[in-house]
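K.L.:
Quick one: the structure is below, questions incoming.
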Amino acid sequence: MNPLEHHDNQTDQAVRTLVGLVVAAAGTATVLALVIAIRQPAQANDLVVLLTITSMIAICTTMKAGFRLRSAHYSVTWSETAIVLGLFVAPTHWVILCTAVGVAAAAGIARLSRLKTAFSIGKNTLVATAAGLALAGYGSGPDTLAHLLAAATVGYLVAVVADELITLQVIALVSRTPLPTLLRTDWDLRLLGTGFRYLATLGTLVVLFVDHRLLPALPALVLSLHLAYSHRVRGRAEQQAWQRLARTTDALNVIDLDRVLTTAVNQAGELFSADQVEIELTAAERTVQGSGGRISYDGPSARLVSDAPAQIETRLRGVDGETDVGILRLRFHRPVALSERERYTLRTFAAALCTAVCNAQAYAELARAADGHAHAAGHDALTGLPNRRALLERGERMLDRRHGGGVIALLLIDLNHFKEVNDTLGHTAGDQVLVQVAERLRAAAGPADLVARLGGDEFAVLFVGLPAPALAAVRADVVLAGLREPFLVDGIRVGVEASGGIAAGTGAGGIDELLRRADVAMYQAKRAGQRICTYAPAQDTADLGRLWLGGDLARAVDNREFIVEFQPIVDLGTGDLIAAEALTRWRHPVHGAIEPLRFIATVERSALLPAFTAAVLDQALDAVRQWREAGFDAPVAVNVSPRSLLDTGFPDAVHARLLAHGVAPGSLYLELTETLALSRLEVVDEVLARLRALGVRLALDDFGTGYSSLSLLSRIPVHELKIDRSFVAVMESSVQALAVVRSTVDLGRSLGLTVVAEGVESERQRQTLWQLGCAAGQGHLFGRSMPAERFLAVLQRGTDGHRGRLAAALHEGAPVIRLPPRQSPEDGKRHDNLPNWPA
């Protein structure tokens, strides 16, 4: 094997030194052999044997199984076989001389370089010397076949070991590969080749021992073994090449462009055994170059200059075949011709690399666009400061992990009389002032603080890591002090004053509440003519009870502090009870009875809404069961939070409560309000449809006050409309209110729906509603809300001796004829099975 096809400047001296040592040692052995040959000249009949040995060594040296590593071509020869055979038919000194002559002749025929020729002669001469000395040490000439084979084994093993050690050491220097790695590489293939050549050696010796006339058959045997081994070498090389290609294409399947380029450079060097690999990206004007598993250059293409004398260049084009992605260059220190398999591998690798580069570039562009959108969504376009959204997000995170990290405080800043700047100097000048304000606030705030623009002339500074809440005022004073100096706008000095409100995060709840408190403090500073004011709960003009109400909700639900009272709904004509509306009250142990308007909004914003709703339903359905047992079959109406309609589990919860109390679904009315929750949301429609399918009845509360009443009726499967009390209260004095009531009653009759008037306070209102065709009503005229026990007692007492009657009939003793609902055929089909309130 001869590895010396090339060597670069870094390894030149080491290679030449090693070759020099080999040649020097071989020269010494040759000189000694020549001295012995002169003292013991060969006979005339020995010349034929020596010529045969020389010819055999020359021929076996030319029988090669070659492969390429970078620009170096390596080959495995049969020279050690010829050398060992020669040692059995001629003295060692003559074999050494024949080896030098035969290898020199083969090198001359192959026109090898001088360095390669010197190394080949020196290495094989040393192999002959080592094998001869081994045979000499083994004993005298073999006289039996067993002795012959044993001696041949010893000589051949010594020859192979000497050849491997010398050759692999040179390859390690040239390829910059550690010697242990080379020893492990293809060890099985090298062992197989050694076995082939060993068998050929033994076979030849057996033939010579048995009958020298069989010697002409040996060349054919040796040639067959050589061809088989060469085929095995090529097959192994092909298999490893495809495996490396598969691993390489898999390694390129990443979305990071830097990793794609680094992987491609390193893998291409191994895949094509190139001295240097270079990838140039056209659009990015970037080039990455490397060799030996290291990146030596990564930067602008124009600055890279390569001195490699030979290169193979492949264009990288997009899937359309026209887009110029870049160039892949394989560089070699000497011209190299790729095999057909290597050319196909190069095309496949280039296609995979092009796809990987395009994918990585596309992903990077998407990531940049996403980062840009994320930055724009969280930052003010004018000042570049974080906006309200960013302040709320970071503030919430800081409040969540505030324990052990110090106190958090928020400073809210409002520029006083900033409108005058816009009105006097124009909005462009105003924008310049805002930009300068942002710069000064950033400079005055701490490195960990967050400065944000909330909108208009309102800014905020989130202080983090304060040792104590009192230090927030000190930090705020430093920040606002930066705004004292006038601002220079188009050569005009503009003075801007600012007011600030401070709120510490201790006990403030969420960031929204902290922002609200800072806003309260800021306006207090404005009213008091102060520059900075710290939030004080006693001076908070907002609903002070809202916060402690939220803290008491969980206890109230657990302790059943929420109670349900019932207001009757009656037939306006007969005065008989037809239903009841459930109204919730909170019996607070400290603050007494709390009306729904004060706590309902807090409940709806909390996570306790499902538990609260379940508690109300339990009390309402339990009352229905008690009334039924007492002989009053009256349904109950319960108000539903819009948030409950966004919960797909709400229908199942209602069904469970009905089953638990043994109440039929038709005895429960759920009152819906015209709110944003009743917009065109699929989940709302799904929840309402499931409730309707259960048999639960739906009522639209406060009808007429919303902006989309008619559109809601077109898609919400309600059974009842409730006229808002505001129309009933003024319908006798307002033509518009009377028209609303009349149209609602007519609409209900047309759709087959029950219409209930709320807020009936007088007999006159009752008479008017009855005359308009309204069948049912509720209000103080018939009864205020009351606990279930009292409600039952009122029903049992009745009016005028009639149990369940809450007011005198309008037409006592005379039949009342009700007009049937006006329906189209389609409406009739739709509402045939929708019962009205029981009369």
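How things are named: the first chain in the structure tokens is A, the next is B, and so on; residues count from 1 in each chain; ligands count from 1 in the order shown.
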Could you name the residues that touch Asn359 of chain A at 10 Å or less, counting only C-alpha atoms, but leaving out those on the same chain fewer than 3 positions away, as a list of chain:residue names?
P.N.:
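Close residues of Asn359 of chain A: A:Asn253, A:Val254, A:Ile255, A:Asp256, A:Leu257, A:Val260, A:Leu353, A:Cys354, A:Thr355, A:Ala356, A:Ala362, A:Tyr363, A:Ala364, A:Glu365.
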K.L.:
Using N, CA and C atoms, can you export the residues from the last selection as a CSV table (one decimal), in the first residue's frame?
P.N.:
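Produced file again_18.csv, reproduced below:
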```
chain,number,residue,atom,x,y,z
A,253,ASN,N,-31.4,17.6,7.8
A,253,ASN,CA,-32.9,17.8,8.0
A,253,ASN,C,-33.1,18.6,9.3
A,254,VAL,N,-32.5,19.8,9.4
A,254,VAL,CA,-32.7,20.7,10.5
A,254,VAL,C,-33.1,22.1,10.0
A,255,ILE,N,-33.6,22.9,10.9
A,255,ILE,CA,-34.2,24.2,10.4
A,255,ILE,C,-33.3,25.4,10.7
A,256,ASP,N,-32.1,25.1,11.4
A,256,ASP,CA,-31.2,26.2,11.7
A,256,ASP,C,-30.1,26.2,10.5
A,257,LEU,N,-30.0,27.4,9.9
A,257,LEU,CA,-29.2,27.5,8.7
A,257,LEU,C,-27.7,27.3,9.1
A,260,VAL,N,-27.1,23.7,9.3
A,260,VAL,CA,-27.2,23.1,7.9
A,260,VAL,C,-25.8,23.2,7.2
A,353,LEU,N,-28.9,19.3,0.0
A,353,LEU,CA,-28.3,20.5,0.6
A,353,LEU,C,-29.1,21.8,0.2
A,354,CYS,N,-29.5,21.8,-1.1
A,354,CYS,CA,-30.3,22.9,-1.6
A,354,CYS,C,-31.6,23.0,-0.9
A,355,THR,N,-32.3,21.8,-0.7
A,355,THR,CA,-33.6,21.8,0.0
A,355,THR,C,-33.4,22.2,1.4
A,356,ALA,N,-32.4,21.8,2.1
A,356,ALA,CA,-32.2,22.1,3.5
A,356,ALA,C,-31.9,23.6,3.6
A,362,ALA,N,-36.3,29.8,4.7
A,362,ALA,CA,-37.7,30.1,4.9
A,362,ALA,C,-38.1,30.2,6.3
A,363,TYR,N,-37.6,29.2,7.1
A,363,TYR,CA,-38.0,29.2,8.5
A,363,TYR,C,-37.4,30.4,9.2
A,364,ALA,N,-36.2,30.8,8.9
A,364,ALA,CA,-35.6,32.0,9.5
A,364,ALA,C,-36.4,33.2,9.1
A,365,GLU,N,-36.9,33.3,7.9
A,365,GLU,CA,-37.7,34.4,7.5
A,365,GLU,C,-39.0,34.5,8.3
```
K.L.:
Can you pull out the residues contacting Ala809 of chain A? Cut-off 10 Å, using only C-alpha atoms, and skip same-chain residues under 2 positions away; I want them as an NGL selection string.
P.N.:
:A and (571-576 or 799-800 or 805-807 or 811-814)
K.L.:
Do a neighbour search on segment 739-747 of chain A at 7 Å with only C-alpha atoms, toss out local chain neighbours closer than 2 positions, and write the hits as a list in words.
P.N.:
Ile723, Phe727, Val735, Gln736, Ala737, Arg749, Ser750, Leu751, Val755, Leu772, Gly773 and Cys774 of chain A
K.L.:
Restricted to all heavy atoms, what would the selected residues look like written as a PDB file, in the first residue's frame?
P.N.:
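Done, and the output landed in again.pdb:
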```pdb
ATOM      1  N   ILE A 723     -90.680  41.660  29.160  1.00  0.00           N
ATOM      2  CA  ILE A 723     -90.600  43.092  28.850  1.00  0.00           C
ATOM      3  C   ILE A 723     -89.908  43.797  30.001  1.00  0.00           C
ATOM      4  O   ILE A 723     -90.287  43.654  31.171  1.00  0.00           O
ATOM      5  CB  ILE A 723     -92.009  43.674  28.634  1.00  0.00           C
ATOM      6  CG1 ILE A 723     -92.732  42.903  27.512  1.00  0.00           C
ATOM      7  CG2 ILE A 723     -91.931  45.149  28.304  1.00  0.00           C
ATOM      8  CD1 ILE A 723     -94.181  43.320  27.345  1.00  0.00           C
ATOM      9  N   PHE A 727     -89.850  49.981  30.419  1.00  0.00           N
ATOM     10  CA  PHE A 727     -90.939  50.300  29.475  1.00  0.00           C
ATOM     11  C   PHE A 727     -92.296  50.285  30.185  1.00  0.00           C
ATOM     12  O   PHE A 727     -93.156  51.118  29.916  1.00  0.00           O
ATOM     13  CB  PHE A 727     -90.937  49.305  28.313  1.00  0.00           C
ATOM     14  CG  PHE A 727     -89.673  49.324  27.491  1.00  0.00           C
ATOM     15  CD1 PHE A 727     -88.833  48.223  27.465  1.00  0.00           C
ATOM     16  CD2 PHE A 727     -89.330  50.437  26.751  1.00  0.00           C
ATOM     17  CE1 PHE A 727     -87.681  48.229  26.729  1.00  0.00           C
ATOM     18  CE2 PHE A 727     -88.174  50.456  25.995  1.00  0.00           C
ATOM     19  CZ  PHE A 727     -87.340  49.350  25.984  1.00  0.00           C
ATOM     20  N   VAL A 735     -95.400  57.477  24.475  1.00  0.00           N
ATOM     21  CA  VAL A 735     -95.924  56.776  23.298  1.00  0.00           C
ATOM     22  C   VAL A 735     -94.928  55.749  22.804  1.00  0.00           C
ATOM     23  O   VAL A 735     -95.293  54.638  22.395  1.00  0.00           O
ATOM     24  CB  VAL A 735     -96.252  57.797  22.186  1.00  0.00           C
ATOM     25  CG1 VAL A 735     -96.724  57.064  20.933  1.00  0.00           C
ATOM     26  CG2 VAL A 735     -97.290  58.797  22.651  1.00  0.00           C
ATOM     27  N   GLN A 736     -93.628  56.109  22.868  1.00  0.00           N
ATOM     28  CA  GLN A 736     -92.602  55.187  22.384  1.00  0.00           C
ATOM     29  C   GLN A 736     -92.552  53.917  23.244  1.00  0.00           C
ATOM     30  O   GLN A 736     -92.481  52.794  22.724  1.00  0.00           O
ATOM     31  CB  GLN A 736     -91.222  55.855  22.389  1.00  0.00           C
ATOM     32  CG  GLN A 736     -91.062  56.967  21.378  1.00  0.00           C
ATOM     33  CD  GLN A 736     -91.620  58.297  21.878  1.00  0.00           C
ATOM     34  OE1 GLN A 736     -92.136  58.382  22.993  1.00  0.00           O
ATOM     35  NE2 GLN A 736     -91.536  59.322  21.034  1.00  0.00           N
ATOM     36  N   ALA A 737     -92.623  54.089  24.590  1.00  0.00           N
ATOM     37  CA  ALA A 737     -92.590  52.925  25.471  1.00  0.00           C
ATOM     38  C   ALA A 737     -93.809  52.041  25.252  1.00  0.00           C
ATOM     39  O   ALA A 737     -93.713  50.812  25.242  1.00  0.00           O
ATOM     40  CB  ALA A 737     -92.512  53.373  26.929  1.00  0.00           C
ATOM     41  N   ARG A 749     -96.951  36.787  20.510  1.00  0.00           N
ATOM     42  CA  ARG A 749     -98.119  36.029  20.030  1.00  0.00           C
ATOM     43  C   ARG A 749     -97.839  35.425  18.657  1.00  0.00           C
ATOM     44  O   ARG A 749     -98.227  34.284  18.377  1.00  0.00           O
ATOM     45  CB  ARG A 749     -99.343  36.926  19.966  1.00  0.00           C
ATOM     46  CG  ARG A 749     -99.886  37.321  21.346  1.00  0.00           C
ATOM     47  CD  ARG A 749    -101.044  38.302  21.201  1.00  0.00           C
ATOM     48  NE  ARG A 749    -102.068  37.748  20.322  1.00  0.00           N
ATOM     49  CZ  ARG A 749    -102.900  38.488  19.591  1.00  0.00           C
ATOM     50  NH1 ARG A 749    -102.821  39.807  19.624  1.00  0.00           N
ATOM     51  NH2 ARG A 749    -103.810  37.918  18.835  1.00  0.00           N
ATOM     52  N   SER A 750     -97.142  36.181  17.792  1.00  0.00           N
ATOM     53  CA  SER A 750     -96.844  35.685  16.440  1.00  0.00           C
ATOM     54  C   SER A 750     -95.927  34.464  16.490  1.00  0.00           C
ATOM     55  O   SER A 750     -96.057  33.543  15.674  1.00  0.00           O
ATOM     56  CB  SER A 750     -96.181  36.789  15.607  1.00  0.00           C
ATOM     57  OG  SER A 750     -97.047  37.895  15.467  1.00  0.00           O
ATOM     58  N   LEU A 751     -95.029  34.457  17.456  1.00  0.00           N
ATOM     59  CA  LEU A 751     -94.079  33.355  17.543  1.00  0.00           C
ATOM     60  C   LEU A 751     -94.522  32.269  18.507  1.00  0.00           C
ATOM     61  O   LEU A 751     -93.811  31.287  18.714  1.00  0.00           O
ATOM     62  CB  LEU A 751     -92.706  33.897  17.986  1.00  0.00           C
ATOM     63  CG  LEU A 751     -92.028  34.882  17.037  1.00  0.00           C
ATOM     64  CD1 LEU A 751     -90.700  35.369  17.629  1.00  0.00           C
ATOM     65  CD2 LEU A 751     -91.781  34.252  15.665  1.00  0.00           C
ATOM     66  N   VAL A 755     -95.301  36.072  26.977  1.00  0.00           N
ATOM     67  CA  VAL A 755     -94.747  37.392  27.236  1.00  0.00           C
ATOM     68  C   VAL A 755     -95.056  37.769  28.674  1.00  0.00           C
ATOM     69  O   VAL A 755     -96.221  37.735  29.103  1.00  0.00           O
ATOM     70  CB  VAL A 755     -95.318  38.449  26.270  1.00  0.00           C
ATOM     71  CG1 VAL A 755     -94.736  39.820  26.595  1.00  0.00           C
ATOM     72  CG2 VAL A 755     -95.013  38.062  24.824  1.00  0.00           C
ATOM     73  N   LEU A 772    -103.567  45.049  26.184  1.00  0.00           N
ATOM     74  CA  LEU A 772    -102.640  44.901  25.051  1.00  0.00           C
ATOM     75  C   LEU A 772    -102.424  43.440  24.669  1.00  0.00           C
ATOM     76  O   LEU A 772    -101.836  43.144  23.632  1.00  0.00           O
ATOM     77  CB  LEU A 772    -101.283  45.532  25.385  1.00  0.00           C
ATOM     78  CG  LEU A 772    -101.257  47.059  25.499  1.00  0.00           C
ATOM     79  CD1 LEU A 772     -99.889  47.531  25.967  1.00  0.00           C
ATOM     80  CD2 LEU A 772    -101.600  47.698  24.150  1.00  0.00           C
ATOM     81  N   GLY A 773    -102.929  42.517  25.500  1.00  0.00           N
ATOM     82  CA  GLY A 773    -102.775  41.091  25.185  1.00  0.00           C
ATOM     83  C   GLY A 773    -101.668  40.406  25.937  1.00  0.00           C
ATOM     84  O   GLY A 773    -101.362  39.231  25.664  1.00  0.00           O
ATOM     85  N   CYS A 774    -101.052  41.117  26.893  1.00  0.00           N
ATOM     86  CA  CYS A 774     -99.982  40.504  27.686  1.00  0.00           C
ATOM     87  C   CYS A 774    -100.612  39.581  28.725  1.00  0.00           C
ATOM     88  O   CYS A 774    -101.477  39.994  29.494  1.00  0.00           O
ATOM     89  CB  CYS A 774     -99.144  41.576  28.367  1.00  0.00           C
ATOM     90  SG  CYS A 774     -97.754  40.910  29.306  1.00  0.00           S
TER      91      CYS A 774
END
```
K.L.:
From the DSSP assignment of the backbone, select every residue of segment 476-574 of chain A that is helix (DSSP H, G or I), and format the answer as JSON, numbers by chain.
P.N.:
{"A": [476, 477, 478, 479, 480, 481, 511, 512, 513, 514, 515, 516, 517, 518, 519, 520, 521, 522, 523, 524, 525, 526, 527, 528, 537, 538, 539, 545, 546, 547, 548, 549, 550, 551, 552, 553, 554, 555, 556, 557, 558]}
K.L.:
Kindly indicate which residue among A:Val101, A:Leu553, A:Leu50, A:Met398 lies nearest to Trp586 of chain A, using only C-alpha atoms for the distances.
P.N.:
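Selected residue with least distance to Trp586 of chain A: A:Leu553.
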K.L.:
May I ask for the distance between atom CA of Gly155 of chain A and atom CA of Thr129 of chain A, given in Å to one decimal place?
P.N.:
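Separation between atom CA of Gly155 of chain A and atom CA of Thr129 of chain A: 10.4 Å.
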K.L.:
Could you pull the residues within 12 Å of segment 368-384 of chain A, counting only C-alpha atoms, minus those fewer than 2 positions along the same chain, as a PyMOL selection string?
P.N.:
chain A and resi 361-366+386-394+428+430-442+450-459
K.L.:
What is the atom CA of Pro180 of chain A-atom CA of Thr167 of chain A distance in Å, reported with one decimal?
P.N.:
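Computing it gives 13.3 Å between the two atoms.
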K.L.:
Find the spatial neighbours of Asp477 of chain A, counting only C-alpha atoms, within a cut-off of 12 Å - ignore same-chain residues fewer than 4 positions away - and output them as a VMD selection string.
P.N.:
chain A and resid 411 413 441 444 to 445 461 470 to 473 481 to 484 498 to 502 530 to 534
K.L.:
Rounded to one decimal, what separation in Å do you get between atom CA of Glu761 of chain A and atom CA of Gly801 of chain A?
P.N.:
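Distance reported for this atom pair: 23.1 Å.
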K.L.:
Can you tell me which residues surround Ile279 of chain A at a distance of at most 10 Å, considering only C-alpha atoms, apart from same-chain residues fewer than 6 positions away, and format the answer as a PDB file with N, CA and C atoms, in the first residue's frame?
P.N.:
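Once everything was written out, this is out21.pdb:
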```pdb
ATOM      1  N   LEU A 261     -25.279  24.461   7.245  1.00  0.00           N
ATOM      2  CA  LEU A 261     -24.022  24.730   6.537  1.00  0.00           C
ATOM      3  C   LEU A 261     -22.855  24.012   7.203  1.00  0.00           C
ATOM      4  N   THR A 262     -22.799  24.056   8.530  1.00  0.00           N
ATOM      5  CA  THR A 262     -21.704  23.372   9.225  1.00  0.00           C
ATOM      6  C   THR A 262     -21.741  21.871   8.972  1.00  0.00           C
ATOM      7  N   ALA A 264     -23.137  20.317   6.443  1.00  0.00           N
ATOM      8  CA  ALA A 264     -22.857  20.039   5.028  1.00  0.00           C
ATOM      9  C   ALA A 264     -21.363  20.094   4.750  1.00  0.00           C
ATOM     10  N   VAL A 265     -20.675  21.096   5.296  1.00  0.00           N
ATOM     11  CA  VAL A 265     -19.232  21.221   5.057  1.00  0.00           C
ATOM     12  C   VAL A 265     -18.496  20.019   5.640  1.00  0.00           C
ATOM     13  N   ARG A 286     -22.803  34.947   1.475  1.00  0.00           N
ATOM     14  CA  ARG A 286     -22.112  34.326   2.601  1.00  0.00           C
ATOM     15  C   ARG A 286     -21.441  33.051   2.128  1.00  0.00           C
ATOM     16  N   THR A 287     -20.241  32.811   2.629  1.00  0.00           N
ATOM     17  CA  THR A 287     -19.505  31.606   2.284  1.00  0.00           C
ATOM     18  C   THR A 287     -19.009  30.940   3.556  1.00  0.00           C
ATOM     19  N   VAL A 288     -19.175  29.619   3.594  1.00  0.00           N
ATOM     20  CA  VAL A 288     -18.681  28.809   4.705  1.00  0.00           C
ATOM     21  C   VAL A 288     -17.689  27.814   4.133  1.00  0.00           C
ATOM     22  N   GLN A 289     -16.510  27.736   4.751  1.00  0.00           N
ATOM     23  CA  GLN A 289     -15.452  26.869   4.253  1.00  0.00           C
ATOM     24  C   GLN A 289     -14.872  26.080   5.419  1.00  0.00           C
ATOM     25  N   GLY A 290     -14.503  24.849   5.146  1.00  0.00           N
ATOM     26  CA  GLY A 290     -13.938  24.034   6.204  1.00  0.00           C
ATOM     27  C   GLY A 290     -13.213  22.836   5.667  1.00  0.00           C
ATOM     28  N   ASP A 298     -16.217  31.655   7.805  1.00  0.00           N
ATOM     29  CA  ASP A 298     -17.664  31.865   7.720  1.00  0.00           C
ATOM     30  C   ASP A 298     -17.886  33.370   7.675  1.00  0.00           C
ATOM     31  N   SER A 301     -18.708  36.519   1.093  1.00  0.00           N
ATOM     32  CA  SER A 301     -18.067  35.769   0.010  1.00  0.00           C
ATOM     33  C   SER A 301     -16.921  36.536  -0.615  1.00  0.00           C
ATOM     34  N   GLU A 313     -17.071  21.937  -8.865  1.00  0.00           N
ATOM     35  CA  GLU A 313     -18.088  22.929  -8.509  1.00  0.00           C
ATOM     36  C   GLU A 313     -19.471  22.445  -8.961  1.00  0.00           C
ATOM     37  N   THR A 314     -20.435  22.577  -8.060  1.00  0.00           N
ATOM     38  CA  THR A 314     -21.813  22.175  -8.356  1.00  0.00           C
ATOM     39  C   THR A 314     -22.753  23.306  -7.977  1.00  0.00           C
ATOM     40  N   ARG A 315     -23.625  23.693  -8.882  1.00  0.00           N
ATOM     41  CA  ARG A 315     -24.605  24.747  -8.624  1.00  0.00           C
ATOM     42  C   ARG A 315     -25.756  24.205  -7.783  1.00  0.00           C
ATOM     43  N   LEU A 316     -26.192  25.030  -6.823  1.00  0.00           N
ATOM     44  CA  LEU A 316     -27.347  24.690  -6.011  1.00  0.00           C
ATOM     45  C   LEU A 316     -28.533  25.494  -6.521  1.00  0.00           C
ATOM     46  N   GLY A 326     -26.958  28.848  -4.582  1.00  0.00           N
ATOM     47  CA  GLY A 326     -25.554  29.002  -4.245  1.00  0.00           C
ATOM     48  C   GLY A 326     -24.694  28.014  -4.992  1.00  0.00           C
ATOM     49  N   ILE A 327     -23.494  27.790  -4.476  1.00  0.00           N
ATOM     50  CA  ILE A 327     -22.517  26.911  -5.117  1.00  0.00           C
ATOM     51  C   ILE A 327     -21.877  26.026  -4.051  1.00  0.00           C
ATOM     52  N   LEU A 328     -21.695  24.737  -4.383  1.00  0.00           N
ATOM     53  CA  LEU A 328     -20.952  23.802  -3.559  1.00  0.00           C
ATOM     54  C   LEU A 328     -19.639  23.501  -4.270  1.00  0.00           C
ATOM     55  N   ARG A 329     -18.550  23.701  -3.548  1.00  0.00           N
ATOM     56  CA  ARG A 329     -17.217  23.468  -4.139  1.00  0.00           C
ATOM     57  C   ARG A 329     -16.477  22.421  -3.311  1.00  0.00           C
ATOM     58  N   LEU A 330     -15.971  21.402  -4.007  1.00  0.00           N
ATOM     59  CA  LEU A 330     -15.085  20.411  -3.408  1.00  0.00           C
ATOM     60  C   LEU A 330     -13.677  20.718  -3.894  1.00  0.00           C
ATOM     61  N   LEU A 353     -28.862  19.315   0.045  1.00  0.00           N
ATOM     62  CA  LEU A 353     -28.332  20.540   0.639  1.00  0.00           C
ATOM     63  C   LEU A 353     -29.142  21.755   0.207  1.00  0.00           C
TER      64      LEU A 353
END
```
K.L.:
Enumerate, as a PyMOL selection string, the complete set of residues in segment 629-673 of chain A that a backbone-based DSSP assignment places in strand (DSSP E).
P.N.:
chain A and resi 636-639+668-672
K.L.:
With only C-alpha atoms as the basis for distance, which of A:Ile511, A:Met786, A:Ala159, A:Leu700 is at the shortest distance from Glu396 of chain A?
P.N.:
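The answer is A:Ile511, which sits nearest to Glu396 of chain A.
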K.L.:
Which residues come within 7 Å of Leu410 of chain A, counting only C-alpha atoms, excluding same-chain residues fewer than 4 positions away, as JSON, numbers by chain?
P.N.:
{"A": [460, 461, 462, 463, 502, 503, 504, 518]}
